[in-house]
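The structure under discussion appears below in the form of structure tokens.
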Amino acid sequence: MDTKTELNKKIAAAVAEYKTSPKQLRLLSRHLRKPETRKACRICATKLLKLNPDSKDAIASLIYTYANSSYSEKIRTALDLAHQNCQGNEDNLNKILHKVFKYLNEKEAGNFEGILHQYKIEKAEISRRLQINLNARTRLLNRASIETNSCDVITVASNEGPYIAEFIHHYIYQGFRNLFIGLNNDTSGQTGPIIELIAKQYPQVHLINTDQEHQQGQQRSSYCKLYDEASKISQSSHCMVVDVDESWVAYPLTTTIKEFLAAQPEADVISSNWLHCHGGNLFDNPLNLSNTRLELTNKFKSLFRYGTAVTDIGAHVPSVLAEPTVQHTSSDGQKINALTIDNEPLNGLRRLSKSGIQACIETTNTSWVIHRHTRSELEYSAKLLHPDVNELANPFKPNRTGYLLREEGVESRQLATNLLGPTHRPPQAYLNSLEAFIDRCGVNELIHEARAEKAKKANKVLNTKIAAAVAKSRSNPKRSRIISQLLRKPETRKTCRIYATKLLKLNPDSKDAIASLIYTYAHEDYSGKIRTALDLAHQNCQGNEDNLNKILHKVFKYLNEKEAGNFEGILHQYKIEKAEISRRLEINLNARTRLLNRASIETNSCDVITVASNEGPYIAEFIHHYIYQGFRNLFIGLNNDTSGQTGPIIELIAKQYPQVHLINTDQEHQQGQQRSSYCKLYDEASKISQSSHCMVVDVDESWVAYPLTTTIKEFLAAQPEADVISSNWLHCHGGNLFDNPLNLSNTRLELTNKFKSLFRYGTAVTDIGAHVPSVLAEPTVQHTSSDGQKINALTIDNEPLNGLRRLSKSGIQACIETTNTSWVIHRHTRSELEYSAKLLHPDVNELANPFKPNRTGYLLREEGVESRQLATNLLGPTHRPPQAYLNSLEAFIDRCGVNELIHEARAQIDEEQIKETIKAMNPKMIKTHQTVWQRTFRGTRFLKMLEHRCCECDVEPIA
């Protein structure tokens with residue numbers, strides 16, 4: 001058999017000799033009608049048709065190449081060619097088909113019979129649509145008045161409840177005139193009611209049922225009905241066909257459709273390029289391009305002038321009569337010609353090109369269609385469970401290829417910047433308009449319902465009852481209490497929590513709501529959530545033990561024996577922690593008094609408070625970084641340092657840099673973990689520091705500001721009024737072994753809305769956490785983000801409780817383009833070896849478990865575009881630390897004489913060392929804690945070794 005190259009050579013030779021020897025190309029066309037040479041046959045047939053459009057052999061060969069496939073537009077085009085060639089002569093048509101059947105096996109022939117049957121049905125449907133569309137055209141041409149440069153929208157909607165309001169708002173906001181929406185196969189029942197409510201406020205929105213049409217001929221038949229309806233009432237000059245996941249925009253973004261059309265007065269059909277969005281956050285705004293991967297394509301979405309000789313309407317372009325000539329242009333005015341055989345006139349009709357030209361992203365008054373090709377993983381998966389109305393036998397949507405996100409092109413991202421600015425987010429005016437639109441239409445609740453997880457019908461009814469009960473809780477408190485009690489069941493815990501939270505917002509003194517909130521956490525491990533709920537109970541009772549016991553009784557009453565035992569443990573732990581919190585509160589407020597009474601303070605200076613445990617490989621880099629950034633004192637609490645390597649390194653550094661203070665916090669850490677260690681360090685700082693501020697960080701966190709040359713002194717000088725300033729975490733997932741903390745070139749970045757904070761000495765701090773301090777409810781504390789935005793209490797967790805307030809640990813994300821804004825680079829997950837080694841250093845309070853439990857595996861996250869852009873802003877295109885920084889670090893290590901100690905500490909993080917540690921473990925211990933290491937060691941090379949060692953004993957693992 002000839003190779004692909006040899007076949008291509010034969011085809012090329014036959015094409016070259018066609019004028020002198022046409023028979024050779026015809027014979028080759030027949031010779032290639034074999035399964036193994038289908039592709040070559042298609043190439044040969046296409047080339048022959050360009051030389052001789054009337055060649056029956058070429059048409060037969062083209063049909064043959066698709067005869068074994070499913071019915072598609074390609075085979076339809078080939079059969080259309082045959083019909084055009086024969087001009088109604090059935091004998092000639094049968095001769096062409098005979099040339100196809102002759103080369104098919106029995107199975108292929110059966111498939112082709114089915115194709116011919118489907119073609120016959122579709123041809124009749126196409127003829128029906130052609131007649132309707134041309135009649136609509138006549139009506140449109142005979143209208144009494146037309147509003148120039150105005151455009152309607154035609155779309156079909158099926159199970160689009162979560163998105164339809166945003167879609168309608170977008171097109172109204174962009175200046176489109178009418179929206180004709182065909183509702184079909186809406187199994188959710190949520191889309192229609194939302195559209196109907198919107199149509200009451202916006203009569204230009206027209207809801208039309210197209211179920212019957214969609215079953216007849218899918219989208220094209222639905223579009224045909226909508227176009228026919230539009231021709232009866234519209235005064236617009238143009239029409240655009242889009243899907244609900246597509247948003248038309250122009251550059252600059254303020255350009256309306258009217259302004260865009262005014263610049264394209266001659267065009268009949270204008271095609272905009274698709275900008276695909278792959279992935280994103282759940283229910284992202286359609287114009288939020290900051291958390292998605294973009295792909296700019298040469299595929300089209302089109303609008304056309306009403307009165308154009310449209311014969312059929314497709315999702316990308318219309319089909320038109322071959323005459324009169326239609327002027328088809330790209331959105332930047334380039335003329336689009338027929339590019340392939342598919343676009344040549346057939347039977348007096350022409351299919352316009354669906355792709356080809358890509359518009360210039362820098363040209364003004366150019367339009368694009370942002371296409372949410374793949375939303376978030378959850379949305380993608382949910383969509384797969386809504387099959388097409390014509391394929392209900394298959395419960396899965398077949399026309400998807402998996403949640404596999406594409407790589408992003410530079411030009412795509414630049415287009416996002418051109419349209420939306422450096423944040424790649426929709427303008428605030430647009431978001432405000434959307435919010436007002438949803439409020440005006442009263443569809444907020446319906447959208448929320450559509451977006452909620454699909455729960456059982458009973459839960460939907462339950463949620464409706466809850467909403468009604470909460471709304472009537474003041475007028476009918478008995479009903480509220482009854483529902484509160486009914487929800488205290490294992491299967492309705494989540495609903496119970498939602499209800500209790502809503503009820504507490506309306507009535508903060510509701511004992512039933514507090515009891516319900518406590519119940520929802522009573523079966524879990526002790527956490528900040530249950531502590532907050534118990535704090536609410538204590539605040540409510542104001543020291544009255546009887547009232548407190550009544551609330552707790554309401555909880556115990558609904559717990560089974562195992563849950564009650566767990567809750568007893570929670571109450572015991574809460575009692576111990578409450579005593580420890582009180583102890584810390586007193587120490588911290590005494591420290592505050594000392595700080596307020598200092599003789600002198602160095603303005604805009606900042607100390608560092610941190611705890612260190614087995615940080616020998618990194619502690620020198622950490623100390624150097626904060627000294628380099630201009631921080632004044634470093635108070636380092638050493639605890640649980642089983643390696644014995646961290647302390648000696650800090651001691652040597654402290655000899656050269658007396659602003660480094662090493663303080664043992666083993667006892668405090670055992671009493672109350674990090675917070676108690678921070679309390680001791682804060683207390684020590686209050687006795688000697690002359691700084692104005694203090695920052696709490698971990699050893700794997702590096703404070704930086706934009707631009708990178710900004711020191712902490714310069715940063716604070718720009719924030720004179722703030723008491724607490726929170727910087728966003730920039731997580732680093734993965735990297736090379738012992739990477740410099742500022743080397744962001746070999747890691748996946750994730751910019752978060754979580755905070756790391758510094759605060760003014762003298763603020764009424766009552767407890768110090770890793771993210772934010774807790775403070776007295778009075779005086780008011782001014783809490784801002786690093787770019788100066790005010791941070792308010794966002795949830796019930798941040799409301800004042802017992803005279804104290806916990807500040808928000810997350811919420812606002814600072815703008816990456818704003819100068820003098822700070823960030824905390826967090827080595828969330830270093831290299832695989834460093835990650836694995838860290839898992840073998842348990843917490844001092846959990847030494848019975850040899851594995852660190854608070855990790856979820858070496859599973860690296862996908863990187864966000866905004867995250868990488870921030871790295872570029874900070875460190876330039878290399879994403880590596882400046883040479884001056886590296887030189888300074890080298891000189892620092894040499895001066896302190898810690899090079900050998902660092903080398904020794906790093907030598908412990910080695911594949912063989914980790915294996916030796918696992919080998920030395922008792923198999924019973926490994927088996928006992930199987931549920932921990934199975935989770936934490938996921939994605940590492942050591943998981944199999946642990947599984948093997950685990951099999952060496954028969955002890956039951958701890959659940």
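We label chains A, B, ... in the order they appear in the structure tokens, count residues from 1 in each chain, and number ligands from 1 in the order shown.
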
Give me the residues within 7 Å of segment 58-70 of chain A as a ChimeraX atom specification, counting only C-alpha atoms and dropping any in the same chain fewer than 5 places off. /A:29-30,33,38,41-42,45,48-49,75,78-79,81-82,96-97,99-100,108,111-112

Keeping only N, CA, C and O atoms, take the residues you just selected and write them out as a compact mmCIF listing (two decimals), in the first residue's frame.
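Below is the file that was written, part.txt:
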```
# COMPACT_ATOMS: atom_id res chain seq x y z
N SER A 29 -9.28 8.95 -8.48
CA SER A 29 -10.40 9.21 -7.57
C SER A 29 -11.14 7.91 -7.26
O SER A 29 -11.51 7.65 -6.12
N ARG A 30 -11.35 7.06 -8.27
CA ARG A 30 -12.03 5.78 -8.05
C ARG A 30 -11.14 4.82 -7.26
O ARG A 30 -11.59 4.12 -6.35
N ARG A 33 -11.19 4.90 -3.42
CA ARG A 33 -12.41 4.57 -2.66
C ARG A 33 -12.22 3.27 -1.88
O ARG A 33 -12.79 2.23 -2.22
N ARG A 38 -9.39 6.70 2.66
CA ARG A 38 -10.52 7.65 2.66
C ARG A 38 -10.04 9.11 2.67
O ARG A 38 -10.58 9.94 1.95
N CYS A 41 -8.67 10.06 -0.58
CA CYS A 41 -9.79 10.13 -1.52
C CYS A 41 -10.50 11.47 -1.42
O CYS A 41 -10.86 12.09 -2.43
N ARG A 42 -10.69 11.93 -0.18
CA ARG A 42 -11.35 13.22 0.05
C ARG A 42 -10.53 14.38 -0.54
O ARG A 42 -11.06 15.27 -1.19
N ALA A 45 -10.77 14.18 -4.36
CA ALA A 45 -12.09 14.61 -4.84
C ALA A 45 -12.24 16.13 -4.76
O ALA A 45 -12.77 16.77 -5.69
N LEU A 48 -10.22 17.73 -7.53
CA LEU A 48 -10.86 17.50 -8.83
C LEU A 48 -12.07 18.39 -9.02
O LEU A 48 -12.31 18.92 -10.12
N LEU A 49 -12.86 18.61 -7.95
CA LEU A 49 -14.04 19.47 -8.04
C LEU A 49 -13.68 20.92 -8.30
O LEU A 49 -14.44 21.66 -8.93
N ILE A 75 -21.54 15.56 4.95
CA ILE A 75 -22.20 14.63 4.02
C ILE A 75 -23.38 15.33 3.34
O ILE A 75 -23.68 15.09 2.16
N ALA A 78 -22.03 17.30 0.48
CA ALA A 78 -21.66 16.42 -0.63
C ALA A 78 -22.91 15.95 -1.39
O ALA A 78 -22.91 15.91 -2.64
N LEU A 79 -23.98 15.61 -0.66
CA LEU A 79 -25.22 15.19 -1.31
C LEU A 79 -25.89 16.37 -2.03
O LEU A 79 -26.51 16.19 -3.09
N LEU A 81 -24.27 18.70 -3.51
CA LEU A 81 -23.50 18.79 -4.76
C LEU A 81 -24.05 17.82 -5.80
O LEU A 81 -24.18 18.17 -6.99
N ALA A 82 -24.36 16.62 -5.35
CA ALA A 82 -24.91 15.61 -6.26
C ALA A 82 -26.24 16.07 -6.83
O ALA A 82 -26.49 15.97 -8.05
N ILE A 96 -24.66 8.34 -9.57
CA ILE A 96 -23.65 8.83 -8.61
C ILE A 96 -23.71 7.99 -7.33
O ILE A 96 -22.67 7.55 -6.82
N LEU A 97 -24.95 7.74 -6.84
CA LEU A 97 -25.09 6.96 -5.62
C LEU A 97 -24.61 5.52 -5.82
O LEU A 97 -24.04 4.91 -4.91
N LYS A 99 -22.15 4.65 -7.69
CA LYS A 99 -20.67 4.72 -7.61
C LYS A 99 -20.19 4.69 -6.16
O LYS A 99 -19.06 4.33 -5.87
N VAL A 100 -21.08 5.15 -5.26
CA VAL A 100 -20.73 5.12 -3.82
C VAL A 100 -20.98 3.73 -3.25
O VAL A 100 -20.08 3.10 -2.67
N GLU A 108 -21.42 -0.57 6.03
CA GLU A 108 -21.33 0.82 5.56
C GLU A 108 -22.52 1.17 4.67
O GLU A 108 -23.04 2.29 4.73
N ASN A 111 -25.44 1.92 6.81
CA ASN A 111 -25.26 3.25 7.41
C ASN A 111 -25.61 4.34 6.39
O ASN A 111 -26.29 5.32 6.71
N PHE A 112 -25.16 4.12 5.15
CA PHE A 112 -25.39 5.13 4.10
C PHE A 112 -26.87 5.23 3.74
O PHE A 112 -27.39 6.31 3.46
```

Excluding segment 252-269 of chain A and residues on its chain fewer than 2 positions from it, collect all residues at most 7 Å away from it, counting only C-alpha atoms, and give them as a PyMOL selection string. chain A and resi 149-150+174-176+249-250+271+302-305+308+326-329+364-365+419

Hey, what does DSSP flag as helix (DSSP H, G or I) within segment 728-903 of chain A? Can you give it to me as a ChimeraX atom specification? /A:796-798,832-839,844-846,865-875,883-896,899-903

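Nearest residue to Tyr171 of chain A among A:Asn92, A:Glu246, A:Ser222, A:Ile121 is A:Glu246, counting only C-alpha atoms.
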
Which residues are close to Leu420 of chain A, i.e. within 9 Å by only C-alpha atoms, leaving aside same-chain residues fewer than 3 positions away? Reply as a PyMOL selection string. chain A and resi 252-253+287-289+415-417+423-427

Any chance you can output those residues with N, CA and C atoms as a JSON list (two decimals), in the first residue's frame?
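Output file out-v1.json is given in full below:
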```
[["chain", "number", "residue", "atom", "x", "y", "z"],
["A", 252, "PRO", "N", -13.53, 50.02, 22.14],
["A", 252, "PRO", "CA", -13.52, 49.89, 23.60],
["A", 252, "PRO", "C", -14.87, 49.40, 24.13],
["A", 253, "LEU", "N", -14.86, 48.96, 25.38],
["A", 253, "LEU", "CA", -16.03, 48.29, 25.97],
["A", 253, "LEU", "C", -17.25, 49.20, 26.04],
["A", 287, "LEU", "N", -18.53, 38.55, 32.01],
["A", 287, "LEU", "CA", -17.42, 39.43, 31.62],
["A", 287, "LEU", "C", -16.23, 39.34, 32.57],
["A", 288, "ASN", "N", -16.28, 38.43, 33.52],
["A", 288, "ASN", "CA", -15.12, 38.25, 34.40],
["A", 288, "ASN", "C", -14.14, 37.29, 33.73],
["A", 289, "LEU", "N", -13.08, 37.83, 33.18],
["A", 289, "LEU", "CA", -12.09, 37.01, 32.46],
["A", 289, "LEU", "C", -10.82, 36.81, 33.28],
["A", 415, "LEU", "N", -6.23, 40.78, 24.56],
["A", 415, "LEU", "CA", -7.56, 41.25, 24.20],
["A", 415, "LEU", "C", -8.39, 41.50, 25.46],
["A", 416, "ALA", "N", -8.29, 40.59, 26.44],
["A", 416, "ALA", "CA", -9.00, 40.79, 27.72],
["A", 416, "ALA", "C", -8.56, 42.08, 28.39],
["A", 417, "THR", "N", -7.27, 42.36, 28.33],
["A", 417, "THR", "CA", -6.74, 43.60, 28.92],
["A", 417, "THR", "C", -7.29, 44.81, 28.17],
["A", 423, "THR", "N", -7.37, 44.37, 35.40],
["A", 423, "THR", "CA", -8.00, 43.41, 36.33],
["A", 423, "THR", "C", -8.73, 42.29, 35.60],
["A", 424, "HIS", "N", -9.06, 42.54, 34.32],
["A", 424, "HIS", "CA", -9.82, 41.58, 33.50],
["A", 424, "HIS", "C", -11.18, 41.26, 34.11],
["A", 425, "ARG", "N", -11.71, 42.23, 34.83],
["A", 425, "ARG", "CA", -13.03, 42.07, 35.45],
["A", 425, "ARG", "C", -14.00, 43.10, 34.89],
["A", 426, "PRO", "N", -15.30, 42.83, 34.96],
["A", 426, "PRO", "CA", -16.28, 43.79, 34.43],
["A", 426, "PRO", "C", -16.24, 45.10, 35.21],
["A", 427, "PRO", "N", -16.53, 46.23, 34.55],
["A", 427, "PRO", "CA", -16.54, 47.52, 35.26],
["A", 427, "PRO", "C", -17.60, 47.53, 36.36]]
```

Excluding same-chain residues fewer than 5 positions from segment 194-196 of chain A, what lies within 9 Å of it counting only C-alpha atoms, as a list of chain:residue names? A:Gly161, A:Ile164, A:Ala165, A:Ile168, A:Ile181, A:Val205, A:His206, A:Leu207, A:Cys441, A:Gly442, A:Val443, A:Leu446, A:Ile447

Write the residues of the selection above to a file with N, CA and C atoms, as a short mmCIF file (atom, residue, chain, number, x, y, z; two decimals), in the first residue's frame.
```
data_model
loop_
_atom_site.label_atom_id
_atom_site.label_comp_id
_atom_site.auth_asym_id
_atom_site.auth_seq_id
_atom_site.Cartn_x
_atom_site.Cartn_y
_atom_site.Cartn_z
N GLY A 161 -31.71 28.69 33.67
CA GLY A 161 -32.12 29.49 34.83
C GLY A 161 -31.00 30.23 35.53
N ILE A 164 -29.81 33.13 32.53
CA ILE A 164 -30.62 33.87 31.55
C ILE A 164 -30.78 35.35 31.92
N ALA A 165 -30.85 35.66 33.21
CA ALA A 165 -31.01 37.07 33.60
C ALA A 165 -29.77 37.87 33.25
N ILE A 168 -29.79 38.43 29.40
CA ILE A 168 -30.73 39.47 28.94
C ILE A 168 -30.20 40.85 29.33
N ILE A 181 -36.56 35.07 22.48
CA ILE A 181 -35.99 33.91 23.18
C ILE A 181 -36.89 32.71 23.00
N VAL A 205 -38.41 42.10 25.63
CA VAL A 205 -38.03 40.68 25.79
C VAL A 205 -39.25 39.83 25.44
N HIS A 206 -39.09 38.96 24.43
CA HIS A 206 -40.21 38.15 23.92
C HIS A 206 -39.90 36.67 24.15
N LEU A 207 -40.74 36.01 24.94
CA LEU A 207 -40.57 34.58 25.21
C LEU A 207 -41.49 33.79 24.29
N CYS A 441 -36.46 43.45 38.38
CA CYS A 441 -37.25 42.35 37.82
C CYS A 441 -37.73 41.37 38.89
N GLY A 442 -37.14 41.46 40.07
CA GLY A 442 -37.54 40.57 41.16
C GLY A 442 -37.22 39.11 40.91
N VAL A 443 -36.08 38.86 40.30
CA VAL A 443 -35.72 37.47 39.94
C VAL A 443 -34.57 36.92 40.78
N LEU A 446 -35.28 33.51 42.25
CA LEU A 446 -35.37 32.48 41.22
C LEU A 446 -33.99 32.10 40.69
N ILE A 447 -33.13 33.10 40.53
CA ILE A 447 -31.76 32.81 40.08
C ILE A 447 -31.04 31.99 41.13
#
```

Selection near segment 349-357 of chain A, 12 Å with only C-alpha atoms, sequence-local residues under 4 positions removed, as a ChimeraX atom specification: /A:73,77,80-81,84,126-127,130,268-274,296-302,304,309-345

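Between atom CA of His733 of chain A and atom CA of Thr784 of chain A there is a distance of 27.2 Å.
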
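The coordinates place atom CA of Thr501 of chain A at 13.7 Å from atom CA of Arg481 of chain A.
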
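Taking atom CA of Ile154 of chain A as the reference point, atom CA of Met240 of chain A is found at 6.1 Å.
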
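Between Asn291 of chain A and the candidates A:Arg375, A:Tyr626, A:Asn142, A:Ile518, the tightest atom-to-atom separation, counting only C-alpha atoms, involves A:Arg375.
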
Could you give me, as a Markdown table, every segment 657-752 of chain A residue with an atom at most 9 Å from segment 820-829 of chain A, plus its closest atom pair and distance in Å to one decimal, counting only C-alpha atoms, rows ordered by chain then number?
```
| residue | atom | partner | partner_atom | distance |
| --- | --- | --- | --- | --- |
| A:Val697 | CA | A:Val824 | CA | 8.8 |
| A:Asp698 | CA | A:His826 | CA | 8.7 |
| A:Asp700 | CA | A:Arg827 | CA | 5.3 |
| A:Glu701 | CA | A:His826 | CA | 4.5 |
| A:Ser702 | CA | A:Ile825 | CA | 5.0 |
| A:Trp703 | CA | A:Val824 | CA | 4.5 |
| A:Val704 | CA | A:Trp823 | CA | 5.5 |
| A:Ala705 | CA | A:Ser822 | CA | 3.9 |
| A:Tyr706 | CA | A:Asn820 | CA | 5.4 |
| A:Pro707 | CA | A:Asn820 | CA | 6.8 |
| A:Thr710 | CA | A:Asn820 | CA | 7.0 |
| A:Glu714 | CA | A:Asn820 | CA | 8.1 |
| A:Phe715 | CA | A:Asn820 | CA | 5.9 |
| A:Ala718 | CA | A:Asn820 | CA | 7.6 |
| A:Ser726 | CA | A:Ser822 | CA | 8.5 |
| A:Ser727 | CA | A:Trp823 | CA | 5.0 |
| A:Asn728 | CA | A:Trp823 | CA | 5.3 |
| A:Trp729 | CA | A:Val824 | CA | 5.0 |
| A:Leu730 | CA | A:Ile825 | CA | 4.8 |
| A:His731 | CA | A:His826 | CA | 4.8 |
| A:Cys732 | CA | A:Arg827 | CA | 5.0 |
| A:His733 | CA | A:Thr829 | CA | 4.7 |
| A:Gly734 | CA | A:Thr829 | CA | 5.2 |
| A:Gly735 | CA | A:Thr829 | CA | 7.8 |
| A:Pro741 | CA | A:Arg827 | CA | 7.2 |
| A:Leu742 | CA | A:Ile825 | CA | 7.7 |
```

Fewer than 2 positions away in the same chain doesn't count, so skip those; otherwise give me all residues within 7 Å of Asn184 of chain A, counting only C-alpha atoms, as a ChimeraX atom specification. /A:157-158,182,186,209-211,214

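Residue neighbourhood of segment 561-574 of chain A, excluding near-sequence residues (fewer than 4 positions): Ala522, His523, Tyr526, Arg531, Phe556 and Lys578 of chain A, at 7 Å, using only C-alpha atoms.
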
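Closest approach to Gln670 of chain A among A:Glu125, A:Asp245, A:Glu362, A:Glu580: A:Glu580, based on only C-alpha atoms.
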